[in-house]
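Worksheet: the structure to be examined is printed underneath.
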Amino acid sequence: MSLQIDRRALLITAGFGVGGLIMPGGRLAAQTLAFASGFTHNVASGEPGPTSMLLWTRFRPAEGGPARVSVEVSDTADFTKIVSGGQMVTGPWRDYTVKITVDGLRPGATHYYRFISPDGSKSPVGRTKTLPIGNVKNFNIAVFSCSNLGFGEFNAYGHGAARGDIDLVLHMGDYIYEYARGGYDGGSELVQKIFPEDEILNLADYRLRYASYRSDPQLQALHAAFPMIPNTDDHEGANDAWEGSAQNHQADEGDWTNRKNAAMQVWREWLPVGEQPWKSYEIGTLATYYRTDTRMVARSKPYDHASLMRTADPAKAMAAFHDGPWQDEAMTMLGSEQESWLFQNFAKNKPLWSVVGSGTNMGYNSTPQNAFDWIPSDATERTKSYVRQGIAAGKAGLPYNLDNWGGYPKARARLLSAAQRADANLIVVTGDSHNGWAFDLPHDGKPVGIEFGGHSVSSPGYEQATKSVDPSIVARGMVENNRAELRWMDSSNRGYMTISLTPAAATNEWVFMETVKTRTLATKPSHKMKVRPGRKILESA
């Protein structure tokens, strides 16, 4: 797709952020975030349909308390004719966020919107676009994931916001991170933007963390430019979350259910998303996008290799696990209700492309036996231990990561089998790993679909552990070790993906930002791959 950057528009749109977060007296900045009045965090849109859209803002009156906020929608940026609108009452019970779904919009069309406060003040103007109907010739999707505010600037958001060729934005999760400062971040001055300073555990904590992240001007610019459909992954709650707890939830941190409920409440307050845990979005006859939940609703507790490595005979334990618990039919990512919904939609909906959004990689991936050569001798013991257990798992025919679909092989097989029975042209879109991936997804020896795995906005990838080795060596080693499915990978770049859907092909471009150390829209050469309908295997583009 052609790339058109409007830097002036980006700077204008981004100017509405809450500034001055990197300053002496961080507590004062936190107070500003929590108690600033007016339209504090720009605007956003989501839940697109052919004639409807959910519109979002946050408005806090100076005196606190409830406020009646309305929204106007126009076909033009000057608002000479109002084509739709609505109103609602917000207040502290929902952290002053406003979400209004408007109807009566034109399919496949750009619309402009603004919110109006009780005193007549107006929000920044947002731009959004409804989903098309009928025979759609081209539809462009930008895909983001894993934006850790402490590790780098959100340049990928800024670059995407300045483009003129995007119809829809997907966020595959890890929109925020839950850790305390110093827990998992880059250790730079950027961590001073993160509030609260401690790990987030309750409703007030999650609200302040979202207020921190949503103050970023490049993220605000992206939300104001395009509709976004967000998926959850783990850090919206806590690392390696599942239905009943999380790796980063400890016994002294309270009840997990309370923490999970708070996290999901705030996710829905602060993002332009509806109340349904999963949903489908039709893009004319060209495609259907399926938003799923693979974390909070029904995911089974994942196994881990570390416990097997602590046994007297790790190799024997790995082999027993491979033939036993790993094959458990009850292990699920989606839960039976969501599986039934998705599989029935595969069968009854017949778009050209069936696009499934999932937080984590679906493609099979194991650690090469020489992976220890990739890490420096002074690597942390944690890194060395992770590589050792990955190598041991690989010898037993197991994937290195049991927290993604590789830890749920029967659930993965059920999904691929359902897509195969429906003869769907399956595209799985994922995030989580911080690296770029391109997988073929076969089942029973036949191609079913492909996976476009997205690299992160700012969170570090393999390069953090393999910094002493040329990234191309790591990528080549991973592809050679996983030839059954892995076709390409990138182990060292930050950025985002763009997927161009047409009747002839689905073409993905991995856009690589030049750096996240400073704020810039500069990029490196990108990488492209495609899949054609009916072939269901990846090709160079």
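By order in the structure tokens, chains are A, B, ...; within a chain, residues start at 1; ligands start at 1, following the order shown.
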Could you pull out the helix (DSSP H, G or I) residues of range 181-333 of chain A, going by DSSP on the backbone, and write them as a count of residues only? 61
Mind checking which residues fall within 9 Å of range 60-62 of chain A, counting only C-alpha atoms, ignoring those fewer than 3 positions away in the same chain, and posting them as a PyMOL selection string? chain A and resi 35-40+65-67+90-92+95-97+117-118
Grab the residues selected above and save them as an mmCIF file, in the first residue's frame with all heavy atoms.
data_model
loop_
_atom_site.group_PDB
_atom_site.id
_atom_site.type_symbol
_atom_site.label_atom_id
_atom_site.label_comp_id
_atom_site.auth_asym_id
_atom_site.auth_seq_id
_atom_site.Cartn_x
_atom_site.Cartn_y
_atom_site.Cartn_z
ATOM 1 N N PHE A 35 -6.816 14.626 38.615
ATOM 2 C CA PHE A 35 -7.801 15.661 38.913
ATOM 3 C C PHE A 35 -7.856 16.788 37.885
ATOM 4 O O PHE A 35 -8.516 17.798 38.116
ATOM 5 C CB PHE A 35 -7.525 16.234 40.309
ATOM 6 C CG PHE A 35 -7.633 15.200 41.398
ATOM 7 C CD1 PHE A 35 -6.500 14.726 42.031
ATOM 8 C CD2 PHE A 35 -8.868 14.681 41.751
ATOM 9 C CE1 PHE A 35 -6.595 13.761 43.020
ATOM 10 C CE2 PHE A 35 -8.973 13.711 42.741
ATOM 11 C CZ PHE A 35 -7.834 13.247 43.380
ATOM 12 N N ALA A 36 -7.167 16.626 36.760
ATOM 13 C CA ALA A 36 -7.285 17.630 35.707
ATOM 14 C C ALA A 36 -8.737 17.737 35.257
ATOM 15 O O ALA A 36 -9.479 16.750 35.251
ATOM 16 C CB ALA A 36 -6.396 17.265 34.529
ATOM 17 N N SER A 37 -9.160 18.927 34.884
ATOM 18 C CA SER A 37 -10.544 19.124 34.474
ATOM 19 C C SER A 37 -10.620 19.401 32.978
ATOM 20 O O SER A 37 -9.624 19.698 32.328
ATOM 21 C CB SER A 37 -11.169 20.280 35.259
ATOM 22 O OG SER A 37 -10.470 21.485 35.007
ATOM 23 N N GLY A 38 -11.822 19.291 32.458
ATOM 24 C CA GLY A 38 -12.054 19.487 31.035
ATOM 25 C C GLY A 38 -11.910 18.191 30.262
ATOM 26 O O GLY A 38 -11.998 17.094 30.830
ATOM 27 N N PHE A 39 -11.687 18.303 28.961
ATOM 28 C CA PHE A 39 -11.439 17.132 28.123
ATOM 29 C C PHE A 39 -9.964 16.761 28.276
ATOM 30 O O PHE A 39 -9.084 17.365 27.663
ATOM 31 C CB PHE A 39 -11.792 17.443 26.663
ATOM 32 C CG PHE A 39 -13.267 17.617 26.429
ATOM 33 C CD1 PHE A 39 -13.813 18.890 26.278
ATOM 34 C CD2 PHE A 39 -14.114 16.521 26.372
ATOM 35 C CE1 PHE A 39 -15.177 19.046 26.056
ATOM 36 C CE2 PHE A 39 -15.476 16.670 26.159
ATOM 37 C CZ PHE A 39 -16.008 17.934 26.010
ATOM 38 N N THR A 40 -9.705 15.784 29.115
ATOM 39 C CA THR A 40 -8.339 15.527 29.577
ATOM 40 C C THR A 40 -7.523 14.629 28.659
ATOM 41 O O THR A 40 -6.291 14.662 28.719
ATOM 42 C CB THR A 40 -8.372 14.876 30.966
ATOM 43 O OG1 THR A 40 -9.028 13.590 30.875
ATOM 44 C CG2 THR A 40 -9.099 15.744 31.974
ATOM 45 N N GLY A 65 -18.041 15.586 40.321
ATOM 46 C CA GLY A 65 -19.450 15.256 40.209
ATOM 47 C C GLY A 65 -19.851 14.894 38.800
ATOM 48 O O GLY A 65 -19.020 14.831 37.886
ATOM 49 N N PRO A 66 -21.144 14.651 38.580
ATOM 50 C CA PRO A 66 -21.616 14.219 37.261
ATOM 51 C C PRO A 66 -21.625 15.355 36.254
ATOM 52 O O PRO A 66 -21.645 16.539 36.605
ATOM 53 C CB PRO A 66 -23.038 13.721 37.543
ATOM 54 C CG PRO A 66 -23.462 14.484 38.757
ATOM 55 C CD PRO A 66 -22.223 14.673 39.582
ATOM 56 N N ALA A 67 -21.608 14.974 34.977
ATOM 57 C CA ALA A 67 -21.665 15.958 33.891
ATOM 58 C C ALA A 67 -22.356 15.333 32.695
ATOM 59 O O ALA A 67 -22.114 14.177 32.360
ATOM 60 C CB ALA A 67 -20.269 16.421 33.505
ATOM 61 N N THR A 90 -21.786 11.318 32.637
ATOM 62 C CA THR A 90 -20.612 10.646 33.177
ATOM 63 C C THR A 90 -20.327 11.171 34.573
ATOM 64 O O THR A 90 -20.923 12.147 35.016
ATOM 65 C CB THR A 90 -19.392 10.837 32.269
ATOM 66 O OG1 THR A 90 -18.327 10.011 32.733
ATOM 67 C CG2 THR A 90 -18.919 12.288 32.249
ATOM 68 N N GLY A 91 -19.400 10.504 35.258
ATOM 69 C CA GLY A 91 -19.071 10.910 36.616
ATOM 70 C C GLY A 91 -17.972 10.054 37.199
ATOM 71 O O GLY A 91 -17.380 9.216 36.497
ATOM 72 N N PRO A 92 -17.678 10.219 38.478
ATOM 73 C CA PRO A 92 -16.564 9.480 39.090
ATOM 74 C C PRO A 92 -16.755 7.973 39.100
ATOM 75 O O PRO A 92 -15.775 7.231 39.161
ATOM 76 C CB PRO A 92 -16.498 10.050 40.513
ATOM 77 C CG PRO A 92 -17.861 10.633 40.757
ATOM 78 C CD PRO A 92 -18.319 11.143 39.437
ATOM 79 N N ASP A 95 -14.958 6.978 36.128
ATOM 80 C CA ASP A 95 -13.731 7.750 35.952
ATOM 81 C C ASP A 95 -13.892 8.837 34.899
ATOM 82 O O ASP A 95 -12.938 9.174 34.196
ATOM 83 C CB ASP A 95 -12.555 6.828 35.598
ATOM 84 C CG ASP A 95 -11.205 7.419 35.965
ATOM 85 O OD1 ASP A 95 -11.178 8.393 36.742
ATOM 86 O OD2 ASP A 95 -10.187 6.918 35.467
ATOM 87 N N TYR A 96 -15.098 9.382 34.795
ATOM 88 C CA TYR A 96 -15.421 10.494 33.916
ATOM 89 C C TYR A 96 -15.266 10.163 32.433
ATOM 90 O O TYR A 96 -15.240 11.067 31.592
ATOM 91 C CB TYR A 96 -14.585 11.734 34.268
ATOM 92 C CG TYR A 96 -14.844 12.216 35.679
ATOM 93 C CD1 TYR A 96 -13.981 11.877 36.710
ATOM 94 C CD2 TYR A 96 -15.969 12.978 35.982
ATOM 95 C CE1 TYR A 96 -14.217 12.294 38.011
ATOM 96 C CE2 TYR A 96 -16.217 13.407 37.275
ATOM 97 C CZ TYR A 96 -15.341 13.056 38.289
ATOM 98 O OH TYR A 96 -15.598 13.467 39.579
ATOM 99 N N THR A 97 -15.161 8.888 32.081
ATOM 100 C CA THR A 97 -15.088 8.521 30.672
ATOM 101 C C THR A 97 -16.476 8.585 30.050
ATOM 102 O O THR A 97 -17.493 8.377 30.706
ATOM 103 C CB THR A 97 -14.494 7.120 30.488
ATOM 104 O OG1 THR A 97 -15.277 6.169 31.223
ATOM 105 C CG2 THR A 97 -13.050 7.086 30.986
ATOM 106 N N SER A 117 -19.236 19.906 26.238
ATOM 107 C CA SER A 117 -19.418 19.826 27.686
ATOM 108 C C SER A 117 -20.628 20.644 28.122
ATOM 109 O O SER A 117 -21.199 21.402 27.320
ATOM 110 C CB SER A 117 -18.158 20.350 28.375
ATOM 111 O OG SER A 117 -18.087 21.764 28.250
ATOM 112 N N PRO A 118 -21.028 20.550 29.388
ATOM 113 C CA PRO A 118 -22.174 21.340 29.867
ATOM 114 C C PRO A 118 -21.986 22.849 29.717
ATOM 115 O O PRO A 118 -22.970 23.580 29.539
ATOM 116 C CB PRO A 118 -22.265 20.946 31.341
ATOM 117 C CG PRO A 118 -21.682 19.585 31.412
ATOM 118 C CD PRO A 118 -20.575 19.593 30.403
#
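Using only C-alpha atoms for every distance, the candidate list A:Phe144, A:Tyr303, A:Trp341, A:Trp270 yields A:Phe144 as the residue closest to Ile499 in chain A.
Atom pair CA of Asp423 in chain A / CA of Trp353 in chain A has a distance of 10.5 Å (rounded to one decimal).
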Could you please write out, as number ranges by chain, every residue of range 107-202 of chain A that DSSP assigns to strand (DSSP E)? A: 110-116, 126-129, 139-144, 168-171
Close residues, range 228-241 of chain A itself excluded, 9 Å, only C-alpha atoms, min 6 positions apart in chain, as a PyMOL selection string: chain A and resi 44-48+146+168-179+200-201+206+222+247-249+259-264+267+271-273+278+291-296+299+301-302+357-360+403+431-432
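The residue set within 10 Å of Arg483 in chain A, counting only C-alpha atoms and dropping same-chain residues fewer than 5 places from it, reads A:Tyr364, A:Asn365, A:Phe439, A:Asp440, A:Met478, A:Trp488.
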Could those selected residues go to a file with N, CA, C and O atoms, as an mmCIF file, in the first residue's frame?
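Once written, result05.cif looks like this:
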data_model
loop_
_atom_site.group_PDB
_atom_site.id
_atom_site.type_symbol
_atom_site.label_atom_id
_atom_site.label_comp_id
_atom_site.auth_asym_id
_atom_site.auth_seq_id
_atom_site.Cartn_x
_atom_site.Cartn_y
_atom_site.Cartn_z
ATOM 1 N N TYR A 364 3.728 -22.808 15.623
ATOM 2 C CA TYR A 364 4.590 -23.648 16.463
ATOM 3 C C TYR A 364 6.029 -23.144 16.404
ATOM 4 O O TYR A 364 6.555 -22.835 15.344
ATOM 5 N N ASN A 365 6.676 -23.085 17.584
ATOM 6 C CA ASN A 365 8.004 -22.512 17.689
ATOM 7 C C ASN A 365 8.787 -23.203 18.799
ATOM 8 O O ASN A 365 8.366 -23.182 19.955
ATOM 9 N N PHE A 439 3.927 -17.274 9.969
ATOM 10 C CA PHE A 439 3.743 -18.724 10.085
ATOM 11 C C PHE A 439 2.736 -19.229 9.059
ATOM 12 O O PHE A 439 1.701 -18.594 8.822
ATOM 13 N N ASP A 440 3.010 -20.398 8.486
ATOM 14 C CA ASP A 440 1.957 -21.212 7.891
ATOM 15 C C ASP A 440 1.299 -21.998 9.011
ATOM 16 O O ASP A 440 1.959 -22.399 9.978
ATOM 17 N N MET A 478 16.095 -19.653 14.041
ATOM 18 C CA MET A 478 14.724 -19.967 14.426
ATOM 19 C C MET A 478 13.942 -20.542 13.242
ATOM 20 O O MET A 478 13.204 -21.522 13.391
ATOM 21 N N TRP A 488 9.327 -16.850 8.369
ATOM 22 C CA TRP A 488 10.146 -15.645 8.510
ATOM 23 C C TRP A 488 10.004 -15.122 9.926
ATOM 24 O O TRP A 488 8.977 -15.344 10.570
#
Tell me which protein, DNA and RNA residues are within 12 Å of range 530-539 of chain A, counting only C-alpha atoms, leaving out same-chain ones fewer than 6 positions away, and put them as a VMD selection string. chain A and resid 286 to 287 351 to 354 419 to 420 423 to 428 437 to 443 446 to 452 484 to 488 498 to 510
Export, as a short mmCIF file (atom, residue, chain, number, x, y, z; two decimals), in the first residue's frame, the selected residues with N, CA and C atoms.
data_model
loop_
_atom_site.label_atom_id
_atom_site.label_comp_id
_atom_site.auth_asym_id
_atom_site.auth_seq_id
_atom_site.Cartn_x
_atom_site.Cartn_y
_atom_site.Cartn_z
N LEU A 286 -15.65 -8.91 1.77
CA LEU A 286 -14.21 -9.14 1.70
C LEU A 286 -13.67 -9.89 2.90
N ALA A 287 -14.11 -9.55 4.11
CA ALA A 287 -13.51 -10.13 5.31
C ALA A 287 -14.43 -10.00 6.51
N PRO A 351 -17.13 -14.87 4.22
CA PRO A 351 -16.34 -13.80 3.60
C PRO A 351 -15.15 -14.40 2.88
N LEU A 352 -14.47 -13.61 2.08
CA LEU A 352 -13.27 -14.11 1.43
C LEU A 352 -12.19 -14.41 2.45
N TRP A 353 -12.01 -13.50 3.43
CA TRP A 353 -10.98 -13.65 4.45
C TRP A 353 -11.61 -13.74 5.83
N SER A 354 -11.20 -14.73 6.62
CA SER A 354 -11.60 -14.84 8.02
C SER A 354 -10.39 -14.47 8.87
N ALA A 419 -11.82 -24.18 11.04
CA ALA A 419 -11.56 -23.35 9.86
C ALA A 419 -11.41 -24.22 8.62
N GLN A 420 -10.79 -25.38 8.78
CA GLN A 420 -10.60 -26.29 7.65
C GLN A 420 -11.94 -26.84 7.15
N ASP A 423 -13.65 -24.39 5.10
CA ASP A 423 -12.84 -23.95 3.95
C ASP A 423 -12.60 -22.44 4.00
N ALA A 424 -12.35 -21.95 5.22
CA ALA A 424 -12.08 -20.53 5.41
C ALA A 424 -10.67 -20.18 4.96
N ASN A 425 -10.50 -18.98 4.45
CA ASN A 425 -9.17 -18.43 4.21
C ASN A 425 -8.75 -17.73 5.50
N LEU A 426 -8.10 -18.49 6.37
CA LEU A 426 -7.84 -18.06 7.74
C LEU A 426 -6.57 -17.22 7.83
N ILE A 427 -6.71 -16.06 8.46
CA ILE A 427 -5.57 -15.23 8.83
C ILE A 427 -5.64 -15.00 10.33
N VAL A 428 -4.62 -15.42 11.05
CA VAL A 428 -4.55 -15.18 12.49
C VAL A 428 -3.59 -14.02 12.71
N TRP A 437 6.71 -12.22 13.16
CA TRP A 437 6.64 -13.63 12.77
C TRP A 437 5.73 -13.79 11.54
N ALA A 438 6.04 -14.79 10.74
CA ALA A 438 5.15 -15.21 9.65
C ALA A 438 5.09 -16.73 9.65
N PHE A 439 3.93 -17.27 9.97
CA PHE A 439 3.74 -18.72 10.09
C PHE A 439 2.74 -19.23 9.06
N ASP A 440 3.01 -20.40 8.49
CA ASP A 440 1.96 -21.21 7.89
C ASP A 440 1.30 -22.00 9.01
N LEU A 441 -0.01 -22.25 8.88
CA LEU A 441 -0.76 -22.98 9.90
C LEU A 441 -1.42 -24.21 9.27
N PRO A 442 -0.69 -25.33 9.21
CA PRO A 442 -1.28 -26.55 8.66
C PRO A 442 -2.04 -27.34 9.73
N HIS A 443 -2.89 -28.24 9.27
CA HIS A 443 -3.59 -29.16 10.18
C HIS A 443 -3.86 -30.45 9.41
N LYS A 446 -2.47 -30.60 5.86
CA LYS A 446 -2.98 -29.71 4.82
C LYS A 446 -2.94 -28.27 5.29
N PRO A 447 -2.70 -27.32 4.38
CA PRO A 447 -2.68 -25.90 4.78
C PRO A 447 -4.08 -25.42 5.16
N VAL A 448 -4.16 -24.70 6.26
CA VAL A 448 -5.44 -24.15 6.72
C VAL A 448 -5.44 -22.63 6.64
N GLY A 449 -4.33 -22.03 6.99
CA GLY A 449 -4.26 -20.57 7.01
C GLY A 449 -2.86 -20.13 7.37
N ILE A 450 -2.74 -18.85 7.72
CA ILE A 450 -1.42 -18.30 8.03
C ILE A 450 -1.55 -17.39 9.25
N GLU A 451 -0.40 -17.07 9.82
CA GLU A 451 -0.37 -16.12 10.94
C GLU A 451 0.58 -14.97 10.61
N PHE A 452 0.07 -13.75 10.82
CA PHE A 452 0.91 -12.57 10.83
C PHE A 452 1.13 -12.17 12.29
N ALA A 484 8.54 -26.53 9.74
CA ALA A 484 7.19 -27.03 9.49
C ALA A 484 6.18 -25.89 9.37
N GLU A 485 6.43 -24.76 10.07
CA GLU A 485 5.45 -23.68 10.06
C GLU A 485 6.07 -22.29 9.90
N LEU A 486 7.22 -22.05 10.50
CA LEU A 486 7.78 -20.70 10.50
C LEU A 486 8.44 -20.36 9.17
N ARG A 487 8.01 -19.26 8.56
CA ARG A 487 8.53 -18.85 7.26
C ARG A 487 9.46 -17.64 7.34
N TRP A 488 9.33 -16.85 8.37
CA TRP A 488 10.15 -15.65 8.51
C TRP A 488 10.00 -15.12 9.93
N THR A 498 0.94 -3.53 8.86
CA THR A 498 -0.22 -3.12 8.08
C THR A 498 -0.63 -4.27 7.17
N ILE A 499 -1.91 -4.61 7.20
CA ILE A 499 -2.45 -5.69 6.38
C ILE A 499 -3.37 -5.09 5.33
N SER A 500 -3.04 -5.31 4.07
CA SER A 500 -3.88 -4.86 2.97
C SER A 500 -4.67 -6.04 2.44
N LEU A 501 -5.98 -6.00 2.62
CA LEU A 501 -6.88 -7.06 2.16
C LEU A 501 -7.47 -6.69 0.81
N THR A 502 -7.33 -7.57 -0.16
CA THR A 502 -7.96 -7.40 -1.47
C THR A 502 -8.52 -8.76 -1.90
N PRO A 503 -9.33 -8.81 -2.95
CA PRO A 503 -9.79 -10.11 -3.45
C PRO A 503 -8.65 -10.99 -3.96
N ALA A 504 -7.52 -10.39 -4.32
CA ALA A 504 -6.41 -11.16 -4.89
C ALA A 504 -5.44 -11.68 -3.84
N ALA A 505 -5.29 -10.96 -2.73
CA ALA A 505 -4.29 -11.37 -1.74
C ALA A 505 -4.49 -10.57 -0.46
N ALA A 506 -3.93 -11.13 0.62
CA ALA A 506 -3.78 -10.40 1.87
C ALA A 506 -2.28 -10.19 2.06
N THR A 507 -1.86 -8.93 2.01
CA THR A 507 -0.44 -8.59 2.05
C THR A 507 -0.12 -7.88 3.35
N ASN A 508 0.87 -8.40 4.07
CA ASN A 508 1.26 -7.81 5.34
C ASN A 508 2.62 -7.15 5.22
N GLU A 509 2.72 -5.96 5.80
CA GLU A 509 3.99 -5.25 5.86
C GLU A 509 4.36 -5.02 7.32
N TRP A 510 5.56 -5.48 7.70
CA TRP A 510 6.10 -5.20 9.02
C TRP A 510 6.88 -3.88 8.91
#
Of the residues A:Asp313, A:Asp103, A:Glu269, A:Glu243, which is the one nearest to Arg207 in chain A, using only C-alpha atoms? A:Glu269
Using only C-alpha atoms, which residues of range 365-398 of chain A come within 6 Å of range 453-474 of chain A, and what is the closest atom pair for each, with the distance in Å to one decimal? Give it as CSV, sorted by chain and residue number.
residue,atom,partner,partner_atom,distance
A:Trp374,CA,A:Thr466,CA,5.3
A:Ile375,CA,A:Thr466,CA,4.7
A:Pro376,CA,A:Ser468,CA,6.0
